[in-house]
Amino acid sequence: MTKNVLEIEYERYESLNELSVEDRELAEAAVKAVSGAYAPYSKFNVGAAVRLSDGQIITGANQENAAYPSGLCAERTAMFYANANNPDKSMVSIAIAAVKDGQLCGRPATPCGQCRQVMAEYQKVSGRKWTILLYGKKKIIKLSQVDDILPFIFTNLD
Ligand code: THU
């Protein structure tokens, strides 16, 4: 038996100004996308922005339903739309932002397990590591691969 420790590396920023122009643009697109949220039940509005390999940005927002499980998170709304409409392009990064009580959340919203699994699949398909930006007004987290938020990723593509 061996005991093993997994380490996760991430960057932390205090404000958008510290980010590269590209990262800032993606984070700002996620913030803007929040306005497309339909979240009358949770009142937690989330926006996601996905960058394609050609630089294009595609956004999505969470969509809820009276039959709760029928809704979908912002991240999967954005990723599924991006891939459905651009099957020949890969996704290379994603940014997420959330608004509660009319205010951008101070702490960044982190993707749910199902969204992480979907991110893992598209990262695999893209053949490169994704940048993940979790935007909070007081704290921005940047990760350099999906593996870091989904250790022991399930994949049947190997
Ligand atoms: N939600 C997202 O859209 N993305 C996340 O990363 C976390 C949660 C949505 C799902 C639901 O509509 C609402 O936020 C409350 O959980």
# chains A, B, ... in the order shown; residues from 1 in each chain; ligands from 1
$ residues_around --residues "A:Asn86" --least-positions-apart "6" --cutoff "12 Å" --atoms "only C-alpha atoms" --output "ChimeraX atom specification"
/A:50-54,56-58,78-80
$ write_last_selection --atoms "all heavy atoms" --output "CSV table (one decimal), in the first residue's frame"
chain,number,residue,atom,x,y,z
A,50,VAL,N,-17.4,30.4,-23.3
A,50,VAL,CA,-16.4,29.4,-23.8
A,50,VAL,C,-15.7,30.0,-25.0
A,50,VAL,O,-16.3,30.7,-25.9
A,50,VAL,CB,-17.2,28.2,-24.3
A,50,VAL,CG1,-16.3,27.2,-25.1
A,50,VAL,CG2,-17.9,27.5,-23.2
A,51,ARG,N,-14.4,29.8,-25.0
A,51,ARG,CA,-13.6,30.3,-26.2
A,51,ARG,C,-13.3,29.1,-27.1
A,51,ARG,O,-12.9,28.1,-26.7
A,51,ARG,CB,-12.3,31.0,-25.8
A,51,ARG,CG,-11.7,31.7,-27.0
A,51,ARG,CD,-10.4,32.4,-26.6
A,51,ARG,NE,-10.5,33.6,-25.8
A,51,ARG,CZ,-10.9,34.8,-26.2
A,51,ARG,NH1,-11.2,35.0,-27.4
A,51,ARG,NH2,-10.9,35.8,-25.3
A,52,LEU,N,-13.5,29.3,-28.4
A,52,LEU,CA,-13.2,28.3,-29.4
A,52,LEU,C,-11.8,28.5,-29.9
A,52,LEU,O,-11.2,29.5,-29.7
A,52,LEU,CB,-14.2,28.4,-30.6
A,52,LEU,CG,-15.7,28.2,-30.3
A,52,LEU,CD1,-16.5,28.3,-31.6
A,52,LEU,CD2,-16.0,26.9,-29.5
A,53,SER,N,-11.3,27.4,-30.6
A,53,SER,CA,-9.9,27.5,-31.1
A,53,SER,C,-9.7,28.6,-32.0
A,53,SER,O,-8.5,29.1,-32.2
A,53,SER,CB,-9.6,26.1,-31.7
A,53,SER,OG,-10.6,25.8,-32.6
A,54,ASP,N,-10.7,29.1,-32.7
A,54,ASP,CA,-10.5,30.2,-33.6
A,54,ASP,C,-10.7,31.6,-32.9
A,54,ASP,O,-10.7,32.6,-33.6
A,54,ASP,CB,-11.5,30.1,-34.8
A,54,ASP,CG,-12.9,30.3,-34.4
A,54,ASP,OD1,-13.2,30.5,-33.2
A,54,ASP,OD2,-13.8,30.3,-35.3
A,56,GLN,N,-13.2,32.7,-31.2
A,56,GLN,CA,-14.6,33.1,-31.0
A,56,GLN,C,-15.1,32.8,-29.6
A,56,GLN,O,-14.7,31.8,-29.0
A,56,GLN,CB,-15.4,32.3,-32.0
A,56,GLN,CG,-16.8,32.7,-32.3
A,56,GLN,CD,-17.6,31.7,-33.2
A,56,GLN,OE1,-16.9,31.0,-33.9
A,56,GLN,NE2,-18.9,31.7,-33.1
A,57,ILE,N,-16.0,33.6,-29.1
A,57,ILE,CA,-16.5,33.4,-27.7
A,57,ILE,C,-18.0,33.1,-27.8
A,57,ILE,O,-18.8,33.8,-28.5
A,57,ILE,CB,-16.3,34.6,-26.8
A,57,ILE,CG1,-14.8,34.9,-26.5
A,57,ILE,CG2,-17.1,34.5,-25.5
A,57,ILE,CD1,-14.5,36.1,-25.7
A,58,ILE,N,-18.4,32.0,-27.1
A,58,ILE,CA,-19.8,31.6,-27.1
A,58,ILE,C,-20.3,31.6,-25.7
A,58,ILE,O,-19.5,31.1,-24.8
A,58,ILE,CB,-20.0,30.2,-27.8
A,58,ILE,CG1,-19.7,30.4,-29.3
A,58,ILE,CG2,-21.4,29.6,-27.6
A,58,ILE,CD1,-19.9,29.3,-30.2
A,78,ALA,N,-23.6,26.6,-22.4
A,78,ALA,CA,-22.6,27.2,-23.3
A,78,ALA,C,-21.9,26.1,-24.1
A,78,ALA,O,-21.7,26.3,-25.3
A,78,ALA,CB,-21.7,28.1,-22.5
A,79,MET,N,-21.4,25.1,-23.4
A,79,MET,CA,-20.6,24.1,-24.1
A,79,MET,C,-21.4,23.3,-25.1
A,79,MET,O,-20.9,23.0,-26.2
A,79,MET,CB,-20.0,23.1,-23.1
A,79,MET,CG,-18.9,23.7,-22.2
A,79,MET,SD,-18.1,22.5,-21.1
A,79,MET,CE,-19.3,22.3,-19.8
A,80,PHE,N,-22.6,22.9,-24.8
A,80,PHE,CA,-23.5,22.2,-25.7
A,80,PHE,C,-23.8,23.0,-26.9
A,80,PHE,O,-23.8,22.5,-28.1
A,80,PHE,CB,-24.7,21.6,-25.0
A,80,PHE,CG,-24.5,20.5,-24.0
A,80,PHE,CD1,-25.4,20.3,-23.0
A,80,PHE,CD2,-23.3,19.7,-24.1
A,80,PHE,CE1,-25.1,19.3,-22.0
A,80,PHE,CE2,-23.1,18.7,-23.2
A,80,PHE,CZ,-24.0,18.5,-22.1
$ select_by_dssp --residues "stretch 99-157 of chain A" --states "strand (DSSP E)" --output "ChimeraX atom specification"
/A:99-100,103-104,131-135,140-143
$ atom_distance --atom1 "atom CA of A:Asn62" --atom2 "atom CA of A:Ala95"
13.7 Å
$ select_by_dssp --residues "stretch 11-109 of chain A" --states "alpha helix (DSSP H)" --output "list in words"
Val21, Glu22, Asp23, Arg24, Glu25, Leu26, Ala27, Glu28, Ala29, Ala30, Val31, Lys32, Ala33, Ala74, Glu75, Arg76, Thr77, Ala78, Met79, Phe80, Tyr81, Ala82, Asn83, Ala84 and Asn85 of chain A
$ closest_atom_pairs --of "chain A" --to "ligand 1" --cutoff "7 Å" --atoms "only C-alpha atoms and all ligand atoms" --output "tab-separated table"
residue	atom	partner	partner_atom_place_in_ligand_line	distance
A:Ala39	CA	ligand 1	12 (O)	5.7
A:Ser42	CA	ligand 1	15 (C)	5.1
A:Phe44	CA	ligand 1	13 (C)	5.1
A:Asn45	CA	ligand 1	14 (O)	6.2
A:Val46	CA	ligand 1	3 (O)	4.9
A:Gly47	CA	ligand 1	3 (O)	6.9
A:Ala61	CA	ligand 1	3 (O)	6.4
A:Asn62	CA	ligand 1	3 (O)	4.3
A:Gln63	CA	ligand 1	12 (O)	6.0
A:Glu64	CA	ligand 1	12 (O)	5.3
A:Gly71	CA	ligand 1	12 (O)	6.5
A:Leu72	CA	ligand 1	10 (C)	6.3
A:Cys73	CA	ligand 1	3 (O)	3.2
A:Ala74	CA	ligand 1	3 (O)	3.9
A:Glu75	CA	ligand 1	4 (N)	6.0
A:Ala109	CA	ligand 1	6 (O)	5.6
A:Thr110	CA	ligand 1	6 (O)	4.9
A:Pro111	CA	ligand 1	6 (O)	3.4
A:Cys112	CA	ligand 1	6 (O)	5.2
$ write_last_selection --atoms "all heavy atoms" --output "tab-separated table (two decimals), in the first residue's frame"
chain	number	residue	atom	x	y	z
A	39	ALA	N	-33.62	31.88	-13.96
A	39	ALA	CA	-33.46	31.17	-12.69
A	39	ALA	C	-34.47	31.66	-11.65
A	39	ALA	O	-34.11	32.15	-10.58
A	39	ALA	CB	-32.03	31.35	-12.18
A	42	SER	N	-34.08	29.25	-8.12
A	42	SER	CA	-32.92	29.43	-7.23
A	42	SER	C	-32.56	30.90	-7.06
A	42	SER	O	-31.92	31.28	-6.09
A	42	SER	CB	-31.71	28.68	-7.80
A	42	SER	OG	-31.22	29.34	-8.95
A	44	PHE	N	-30.36	32.27	-8.53
A	44	PHE	CA	-28.89	32.29	-8.63
A	44	PHE	C	-28.57	32.30	-10.12
A	44	PHE	O	-28.78	31.31	-10.83
A	44	PHE	CB	-28.32	31.04	-7.95
A	44	PHE	CG	-26.83	31.04	-7.80
A	44	PHE	CD1	-26.19	31.97	-6.99
A	44	PHE	CD2	-26.04	30.11	-8.47
A	44	PHE	CE1	-24.81	31.97	-6.84
A	44	PHE	CE2	-24.67	30.09	-8.32
A	44	PHE	CZ	-24.05	31.02	-7.51
A	45	ASN	N	-28.18	33.46	-10.62
A	45	ASN	CA	-27.98	33.63	-12.06
A	45	ASN	C	-26.52	33.40	-12.43
A	45	ASN	O	-25.63	34.07	-11.89
A	45	ASN	CB	-28.40	35.03	-12.49
A	45	ASN	CG	-29.87	35.27	-12.27
A	45	ASN	OD1	-30.67	34.34	-12.18
A	45	ASN	ND2	-30.26	36.52	-12.17
A	46	VAL	N	-26.31	32.49	-13.35
A	46	VAL	CA	-24.94	32.13	-13.72
A	46	VAL	C	-24.72	32.34	-15.22
A	46	VAL	O	-25.60	32.09	-16.03
A	46	VAL	CB	-24.66	30.64	-13.36
A	46	VAL	CG1	-23.19	30.30	-13.58
A	46	VAL	CG2	-25.05	30.34	-11.91
A	47	GLY	N	-23.53	32.84	-15.54
A	47	GLY	CA	-23.15	33.01	-16.95
A	47	GLY	C	-21.86	32.26	-17.22
A	47	GLY	O	-21.00	32.15	-16.34
A	61	ALA	N	-26.18	30.66	-20.22
A	61	ALA	CA	-26.61	31.02	-18.88
A	61	ALA	C	-27.52	29.91	-18.36
A	61	ALA	O	-28.11	29.17	-19.16
A	61	ALA	CB	-27.35	32.34	-18.91
A	62	ASN	N	-27.63	29.79	-17.04
A	62	ASN	CA	-28.44	28.68	-16.51
A	62	ASN	C	-29.92	28.86	-16.84
A	62	ASN	O	-30.45	29.98	-16.86
A	62	ASN	CB	-28.21	28.47	-15.01
A	62	ASN	CG	-28.48	29.70	-14.15
A	62	ASN	OD1	-28.28	30.82	-14.59
A	62	ASN	ND2	-28.92	29.48	-12.93
A	63	GLN	N	-30.56	27.75	-17.11
A	63	GLN	CA	-31.97	27.72	-17.49
A	63	GLN	C	-32.68	26.74	-16.56
A	63	GLN	O	-32.34	25.56	-16.53
A	63	GLN	CB	-32.11	27.25	-18.95
A	63	GLN	CG	-31.31	28.07	-19.95
A	63	GLN	CD	-31.75	29.51	-20.05
A	63	GLN	OE1	-32.95	29.81	-20.10
A	63	GLN	NE2	-30.79	30.44	-20.07
A	64	GLU	N	-33.63	27.25	-15.79
A	64	GLU	CA	-34.32	26.38	-14.83
A	64	GLU	C	-35.72	26.02	-15.32
A	64	GLU	O	-36.19	26.54	-16.33
A	64	GLU	CB	-34.37	27.08	-13.47
A	64	GLU	CG	-32.96	27.31	-12.91
A	64	GLU	CD	-32.94	27.94	-11.53
A	64	GLU	OE1	-34.00	28.39	-11.04
A	64	GLU	OE2	-31.84	27.97	-10.94
A	71	GLY	N	-33.75	21.55	-15.69
A	71	GLY	CA	-32.93	22.73	-15.97
A	71	GLY	C	-31.52	22.36	-16.35
A	71	GLY	O	-31.13	21.19	-16.34
A	72	LEU	N	-30.73	23.39	-16.71
A	72	LEU	CA	-29.34	23.13	-17.09
A	72	LEU	C	-28.45	24.30	-16.63
A	72	LEU	O	-28.85	25.46	-16.71
A	72	LEU	CB	-29.22	22.97	-18.61
A	72	LEU	CG	-27.93	22.32	-19.12
A	72	LEU	CD1	-27.81	20.87	-18.66
A	72	LEU	CD2	-27.86	22.37	-20.64
A	73	CYS	N	-27.25	23.94	-16.18
A	73	CYS	CA	-26.29	24.95	-15.72
A	73	CYS	C	-25.79	25.79	-16.90
A	73	CYS	O	-25.83	25.36	-18.06
A	73	CYS	CB	-25.06	24.28	-15.11
A	73	CYS	SG	-25.38	23.42	-13.57
A	74	ALA	N	-25.27	26.95	-16.55
A	74	ALA	CA	-24.73	27.88	-17.55
A	74	ALA	C	-23.60	27.23	-18.36
A	74	ALA	O	-23.53	27.39	-19.59
A	74	ALA	CB	-24.19	29.12	-16.84
A	75	GLU	N	-22.73	26.51	-17.68
A	75	GLU	CA	-21.56	25.93	-18.35
A	75	GLU	C	-21.98	24.94	-19.44
A	75	GLU	O	-21.47	24.97	-20.56
A	75	GLU	CB	-20.66	25.18	-17.34
A	75	GLU	CG	-20.05	26.06	-16.28
A	75	GLU	CD	-20.93	26.18	-15.03
A	75	GLU	OE1	-22.16	26.27	-15.17
A	75	GLU	OE2	-20.37	26.20	-13.93
A	109	ALA	N	-18.11	31.35	-8.42
A	109	ALA	CA	-18.95	30.15	-8.50
A	109	ALA	C	-18.10	29.05	-9.13
A	109	ALA	O	-17.34	29.30	-10.07
A	109	ALA	CB	-20.17	30.42	-9.38
A	110	THR	N	-18.20	27.87	-8.58
A	110	THR	CA	-17.42	26.75	-9.13
A	110	THR	C	-18.36	25.75	-9.79
A	110	THR	O	-19.47	25.53	-9.31
A	110	THR	CB	-16.61	26.06	-8.00
A	110	THR	OG1	-17.51	25.67	-6.96
A	110	THR	CG2	-15.57	26.99	-7.42
A	111	PRO	N	-17.95	25.17	-10.88
A	111	PRO	CA	-18.84	24.29	-11.64
A	111	PRO	C	-19.26	23.03	-10.86
A	111	PRO	O	-18.47	22.51	-10.07
A	111	PRO	CB	-18.02	23.87	-12.86
A	111	PRO	CG	-16.74	24.61	-12.81
A	111	PRO	CD	-16.61	25.27	-11.49
A	112	CYS	N	-20.48	22.57	-11.11
A	112	CYS	CA	-20.95	21.35	-10.45
A	112	CYS	C	-20.25	20.13	-11.07
A	112	CYS	O	-19.58	20.24	-12.11
A	112	CYS	CB	-22.47	21.22	-10.60
A	112	CYS	SG	-22.99	20.63	-12.23
$ closest_residue --among "A:Lys138, A:Ala27, A:Ser126, A:Gly113" --to "A:Lys89" --atoms "only C-alpha atoms"
A:Ser126
$ atom_distance --atom1 "atom CA of A:Glu18" --atom2 "atom CA of A:Pro108"
15.9 Å
$ closest_residue --among "A:Val21, A:Cys105, A:Val92, A:Leu150" --to "A:Tyr135" --atoms "only C-alpha atoms"
A:Cys105
$ residues_around --residues "A:Thr131" --least-positions-apart "5" --cutoff "8 Å" --atoms "only C-alpha atoms" --output "short mmCIF file (atom, residue, chain, number, x, y, z; two decimals) with N, CA and C atoms, in the first residue's frame"
data_model
loop_
_atom_site.label_atom_id
_atom_site.label_comp_id
_atom_site.auth_asym_id
_atom_site.auth_seq_id
_atom_site.Cartn_x
_atom_site.Cartn_y
_atom_site.Cartn_z
N VAL A 92 -11.35 25.77 -26.00
CA VAL A 92 -10.03 25.82 -25.34
C VAL A 92 -10.05 26.47 -23.96
N SER A 93 -11.10 27.18 -23.64
CA SER A 93 -11.17 27.78 -22.31
C SER A 93 -12.61 28.12 -21.95
N ILE A 94 -12.83 28.31 -20.64
CA ILE A 94 -14.18 28.64 -20.17
C ILE A 94 -14.07 29.60 -18.98
N LYS A 142 -7.83 30.97 -11.47
CA LYS A 142 -7.50 30.49 -12.82
C LYS A 142 -6.83 29.12 -12.70
N LEU A 143 -7.41 28.16 -13.39
CA LEU A 143 -6.84 26.81 -13.41
C LEU A 143 -6.36 26.52 -14.82
N SER A 144 -5.37 25.64 -14.93
CA SER A 144 -4.80 25.43 -16.26
C SER A 144 -5.18 24.10 -16.89
N GLN A 145 -6.06 23.36 -16.25
CA GLN A 145 -6.59 22.14 -16.87
C GLN A 145 -7.81 21.65 -16.07
N VAL A 146 -8.72 20.97 -16.77
CA VAL A 146 -9.93 20.46 -16.11
C VAL A 146 -9.56 19.44 -15.03
#
$ closest_residue --among "A:Ser15, A:Gln103, A:Asn85, A:Asn156" --to "A:Ala120" --atoms "only C-alpha atoms"
A:Asn156
$ residues_around --residues "A:Leu19" --least-positions-apart "2" --cutoff "12 Å" --atoms "only C-alpha atoms" --output "ChimeraX atom specification"
/A:11-17,21-28,133,135,139-142
$ atom_distance --atom1 "atom CA of A:Leu134" --atom2 "atom CA of A:Ile96"
5.2 Å
